[in-house]
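To be precise, the following lines are entry-v4.cif, and they hold mmCIF, C-alpha atoms; chains and numbers go by the auth columns.
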```cif
data_work
loop_
_atom_site.group_PDB
_atom_site.id
_atom_site.type_symbol
_atom_site.label_atom_id
_atom_site.label_comp_id
_atom_site.label_asym_id
_atom_site.label_seq_id
_atom_site.Cartn_x
_atom_site.Cartn_y
_atom_site.Cartn_z
_atom_site.B_iso_or_equiv
_atom_site.auth_seq_id
_atom_site.auth_asym_id
ATOM 1 C CA MET A 1 12.122 23.613 12.395 0.00 1 S
ATOM 2 C CA THR A 2 10.139 24.341 9.286 0.00 2 S
ATOM 3 C CA ASP A 3 6.451 24.266 8.498 0.00 3 S
ATOM 4 C CA LYS A 4 4.960 20.956 7.409 0.00 4 S
ATOM 5 C CA LEU A 5 3.520 20.678 3.918 0.00 5 S
ATOM 6 C CA THR A 6 0.512 18.499 3.114 0.00 6 S
ATOM 7 C CA ASN A 7 -0.264 18.104 -0.578 0.00 7 S
ATOM 8 C CA GLY A 8 1.810 21.207 -1.260 0.00 8 S
ATOM 9 C CA ASP A 9 -0.003 23.371 1.313 0.00 9 S
ATOM 10 C CA TYR A 10 0.981 24.401 4.830 0.00 10 S
ATOM 11 C CA THR A 11 -0.816 22.539 7.620 0.00 11 S
ATOM 12 C CA LEU A 12 -2.569 24.617 10.296 0.00 12 S
ATOM 13 C CA LEU A 13 -2.635 23.532 13.934 0.00 13 S
ATOM 14 C CA ASP A 14 -6.044 22.284 15.049 0.00 14 S
ATOM 15 C CA GLY A 15 -7.903 25.025 16.932 0.00 15 S
ATOM 16 C CA LYS A 16 -4.839 27.243 17.288 0.00 16 S
ATOM 17 C CA LYS A 17 -3.122 29.999 15.419 0.00 17 S
ATOM 18 C CA GLY A 18 0.030 28.914 13.694 0.00 18 S
ATOM 19 C CA LEU A 19 1.371 26.155 11.523 0.00 19 S
ATOM 20 C CA LEU A 20 2.222 22.561 12.347 0.00 20 S
ATOM 21 C CA GLN A 21 5.951 21.997 12.769 0.00 21 S
ATOM 22 C CA CYS A 22 7.749 18.995 11.325 0.00 22 S
ATOM 23 C CA ASP A 23 10.866 17.250 12.524 0.00 23 S
ATOM 24 C CA TYR A 24 14.101 17.146 10.590 0.00 24 S
ATOM 25 C CA THR A 25 13.352 13.715 9.069 0.00 25 S
ATOM 26 C CA ASP A 26 10.054 15.008 7.639 0.00 26 S
ATOM 27 C CA GLU A 27 11.890 17.977 6.154 0.00 27 S
ATOM 28 C CA LEU A 28 14.500 15.670 4.601 0.00 28 S
ATOM 29 C CA MET A 29 11.720 13.520 3.147 0.00 29 S
ATOM 30 C CA GLN A 30 10.062 16.560 1.573 0.00 30 S
ATOM 31 C CA ASN A 31 13.368 17.746 0.110 0.00 31 S
ATOM 32 C CA ALA A 32 14.147 14.254 -1.201 0.00 32 S
ATOM 33 C CA LEU A 33 10.767 14.020 -2.915 0.00 33 S
ATOM 34 C CA VAL A 34 11.304 17.395 -4.600 0.00 34 S
ATOM 35 C CA LEU A 35 14.725 16.301 -5.847 0.00 35 S
ATOM 36 C CA LEU A 36 13.409 12.964 -7.125 0.00 36 S
ATOM 37 C CA THR A 37 10.444 14.427 -9.013 0.00 37 S
ATOM 38 C CA ALA A 38 12.136 17.471 -10.571 0.00 38 S
ATOM 39 C CA ARG A 39 13.689 16.917 -13.992 0.00 39 S
ATOM 40 C CA ARG A 40 17.470 17.278 -13.968 0.00 40 S
ATOM 41 C CA ASP A 41 18.938 19.919 -16.327 0.00 41 S
ATOM 42 C CA GLU A 42 15.677 21.910 -16.471 0.00 42 S
ATOM 43 C CA PHE A 43 16.131 24.177 -13.433 0.00 43 S
ATOM 44 C CA TYR A 44 17.965 27.209 -14.800 0.00 44 S
ATOM 45 C CA PRO A 45 19.864 28.340 -11.677 0.00 45 S
ATOM 46 C CA ASN A 46 21.243 24.844 -11.004 0.00 46 S
ATOM 47 C CA LYS A 47 21.469 22.295 -13.818 0.00 47 S
ATOM 48 C CA ASP A 48 22.426 19.570 -11.291 0.00 48 S
ATOM 49 C CA PHE A 49 19.097 19.915 -9.426 0.00 49 S
ATOM 50 C CA GLY A 50 16.617 17.048 -9.830 0.00 50 S
ATOM 51 C CA SER A 51 16.787 13.546 -11.269 0.00 51 S
ATOM 52 C CA GLN A 52 16.875 11.748 -14.599 0.00 52 S
ATOM 53 C CA ILE A 53 14.360 9.116 -13.486 0.00 53 S
ATOM 54 C CA ALA A 54 11.809 10.118 -16.136 0.00 54 S
ATOM 55 C CA ARG A 55 14.377 9.479 -18.879 0.00 55 S
ATOM 56 C CA ILE A 56 15.070 5.835 -18.023 0.00 56 S
ATOM 57 C CA ASN A 57 14.521 3.734 -21.131 0.00 57 S
ATOM 58 C CA MET A 58 17.361 1.196 -20.883 0.00 58 S
ATOM 59 C CA GLU A 59 17.678 -2.115 -19.087 0.00 59 S
ATOM 60 C CA PRO A 60 18.230 -2.924 -16.266 0.00 60 S
ATOM 61 C CA LYS A 61 15.734 -0.209 -15.293 0.00 61 S
ATOM 62 C CA ASP A 62 15.897 -0.906 -11.556 0.00 62 S
ATOM 63 C CA ASP A 63 19.669 -0.358 -11.553 0.00 63 S
ATOM 64 C CA TYR A 64 19.323 2.923 -13.450 0.00 64 S
ATOM 65 C CA LEU A 65 16.573 3.996 -11.046 0.00 65 S
ATOM 66 C CA ALA A 66 18.833 3.380 -8.046 0.00 66 S
ATOM 67 C CA ALA A 67 21.747 5.204 -9.695 0.00 67 S
ATOM 68 C CA TYR A 68 19.702 8.243 -10.763 0.00 68 S
ATOM 69 C CA ALA A 69 17.974 8.443 -7.373 0.00 69 S
ATOM 70 C CA SER A 70 21.368 8.332 -5.626 0.00 70 S
ATOM 71 C CA GLN A 71 22.668 11.032 -7.948 0.00 71 S
ATOM 72 C CA ALA A 72 19.670 13.285 -7.237 0.00 72 S
ATOM 73 C CA LEU A 73 19.909 12.798 -3.463 0.00 73 S
ATOM 74 C CA SER A 74 23.691 13.212 -3.222 0.00 74 S
ATOM 75 C CA SER A 75 23.348 16.820 -2.026 0.00 75 S
ATOM 76 C CA LEU A 76 21.351 15.777 1.065 0.00 76 S
ATOM 77 C CA ASP A 77 23.440 14.761 4.076 0.00 77 S
ATOM 78 C CA GLY A 78 22.299 11.570 5.762 0.00 78 S
ATOM 79 C CA VAL A 79 20.097 10.408 2.850 0.00 79 S
ATOM 80 C CA TYR A 80 20.981 7.195 1.021 0.00 80 S
ATOM 81 C CA VAL A 81 19.126 4.960 -1.427 0.00 81 S
ATOM 82 C CA LYS A 82 18.642 1.479 -0.002 0.00 82 S
ATOM 83 C CA GLU A 83 16.464 -0.053 -2.735 0.00 83 S
ATOM 84 C CA ALA A 84 14.819 1.070 -5.956 0.00 84 S
ATOM 85 C CA TYR A 85 12.521 -0.771 -8.344 0.00 85 S
ATOM 86 C CA PHE A 86 9.726 -0.279 -10.862 0.00 86 S
ATOM 87 C CA GLU A 87 6.240 -1.753 -10.819 0.00 87 S
ATOM 88 C CA ASP A 88 4.411 -0.781 -14.001 0.00 88 S
ATOM 89 C CA LYS A 89 4.889 3.004 -14.322 0.00 89 S
ATOM 90 C CA ILE A 90 5.545 3.571 -10.613 0.00 90 S
ATOM 91 C CA ALA A 91 9.068 3.959 -9.231 0.00 91 S
ATOM 92 C CA TYR A 92 9.519 2.838 -5.621 0.00 92 S
ATOM 93 C CA ILE A 93 12.564 4.211 -3.828 0.00 93 S
ATOM 94 C CA THR A 94 13.441 3.159 -0.295 0.00 94 S
ATOM 95 C CA MET A 95 15.805 5.569 1.428 0.00 95 S
ATOM 96 C CA MET A 96 17.629 5.797 4.708 0.00 96 S
ATOM 97 C CA LEU A 97 17.106 9.267 6.185 0.00 97 S
ATOM 98 C CA ASN A 98 19.304 9.681 9.265 0.00 98 S
ATOM 99 C CA ASP A 99 18.902 5.976 10.118 0.00 99 S
ATOM 100 C CA LYS A 100 15.140 5.967 9.476 0.00 100 S
ATOM 101 C CA GLU A 101 13.827 3.990 6.524 0.00 101 S
ATOM 102 C CA ARG A 102 11.255 5.679 4.266 0.00 102 S
ATOM 103 C CA THR A 103 9.789 4.695 0.885 0.00 103 S
ATOM 104 C CA VAL A 104 8.378 6.967 -1.794 0.00 104 S
ATOM 105 C CA ALA A 105 6.303 5.975 -4.816 0.00 105 S
ATOM 106 C CA ILE A 106 6.572 8.184 -7.873 0.00 106 S
ATOM 107 C CA ASN A 107 3.999 7.784 -10.629 0.00 107 S
ATOM 108 C CA LEU A 108 6.004 8.557 -13.739 0.00 108 S
ATOM 109 C CA GLU A 109 2.922 9.204 -15.865 0.00 109 S
ATOM 110 C CA ASN A 110 1.643 11.947 -13.548 0.00 110 S
ATOM 111 C CA ASN A 111 4.601 13.509 -11.751 0.00 111 S
ATOM 112 C CA LEU A 112 7.392 13.702 -14.293 0.00 112 S
#
```
Re-express the file's structure as structure tokens.
Amino acid sequence: MTDKLTNGDYTLLDGKKGLLQCDYTDELMQNALVLLTARRDEFYPNKDFGSQIARINMEPKDDYLAAYASQALSSLDGVYVKEAYFEDKIAYITMMLNDKERTVAINLENNL
């Protein structure tokens, strides 16, 4: 298992030495969020890393969001986009992570 991140920082165990451990689904969720918020083509070692979500300017935006999210997450086993839609400047992506449903909200004005 890996160490759990909270707001980008490791989480300490309450009253004990050591770091809080996360399960595999939490780790997948963290990796998925990194892939969805990183801009594709801007990571020098791997131009296929990240997503093109911030570049969506064509209609139907929800369809492009689902396609770009699926493209970004294709390297993660057991992670599939179930639904994707925009509300204002926020992209909502519902994913299946090893048969568990999780939703992320990405504020395009702040994160990308």
Within 7 Å of Leu108 of chain S using all atoms listed in the file, minus same-chain residues under 6 positions, as a PyMOL selection string: chain S and resi 54+89-90
Spell out the residues picked by the PyMOL selection byres ((chain S and resi 71) around 10) here, as a PDB file with C-alpha atoms, in the coordinates of the input.
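expr-v5.pdb, written as the output of this step:
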```
ATOM      1  CA  LEU S  35      14.725  16.301  -5.847  1.00  0.00           C
ATOM      2  CA  LEU S  36      13.409  12.964  -7.125  1.00  0.00           C
ATOM      3  CA  ASP S  48      22.426  19.570 -11.291  1.00  0.00           C
ATOM      4  CA  PHE S  49      19.097  19.915  -9.426  1.00  0.00           C
ATOM      5  CA  GLY S  50      16.617  17.048  -9.830  1.00  0.00           C
ATOM      6  CA  SER S  51      16.787  13.546 -11.269  1.00  0.00           C
ATOM      7  CA  GLN S  52      16.875  11.748 -14.599  1.00  0.00           C
ATOM      8  CA  LEU S  65      16.573   3.996 -11.046  1.00  0.00           C
ATOM      9  CA  ALA S  66      18.833   3.380  -8.046  1.00  0.00           C
ATOM     10  CA  ALA S  67      21.747   5.204  -9.695  1.00  0.00           C
ATOM     11  CA  TYR S  68      19.702   8.243 -10.763  1.00  0.00           C
ATOM     12  CA  ALA S  69      17.974   8.443  -7.373  1.00  0.00           C
ATOM     13  CA  SER S  70      21.368   8.332  -5.626  1.00  0.00           C
ATOM     14  CA  ALA S  72      19.670  13.285  -7.237  1.00  0.00           C
ATOM     15  CA  LEU S  73      19.909  12.798  -3.463  1.00  0.00           C
ATOM     16  CA  SER S  74      23.691  13.212  -3.222  1.00  0.00           C
ATOM     17  CA  SER S  75      23.348  16.820  -2.026  1.00  0.00           C
ATOM     18  CA  TYR S  80      20.981   7.195   1.021  1.00  0.00           C
ATOM     19  CA  VAL S  81      19.126   4.960  -1.427  1.00  0.00           C
TER      20      VAL S  81
END
```
Point-to-point distance in Å for atom CA of Leu97 of chain S and atom CA of Gly78 of chain S: 5.7 Å
Point-to-point distance from atom CA of Asn46 of chain S to atom CA of Ala91 of chain S, Å rounded to tenths: 24.2 Å
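Remark: residues at most 10 Å from position (14.0, 13.6, 8.8) in file coordinates are Cys22, Asp23, Tyr24, Thr25, Asp26, Glu27, Leu28, Met29, Gln30, Asn31, Gly78, Val79, Met96, Leu97, Asn98, Asp99, Lys100, Glu101 and Arg102 of chain S, using all atoms listed in the file.
Taking atom CA of Asp63 of chain S as the reference point, atom CA of Thr94 of chain S is found at 13.3 Å.
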Build an axis-aligned box that encloses every atom of segment 59-76 of chain S listed in the file, pad it by 3 Å on each side, and report its centre and edge lengths in Å to one decimal, as JSON.
```
{"center_x": 19.7, "center_y": 6.9, "center_z": -9.0, "size_x": 14.0, "size_y": 25.7, "size_z": 26.2}
```
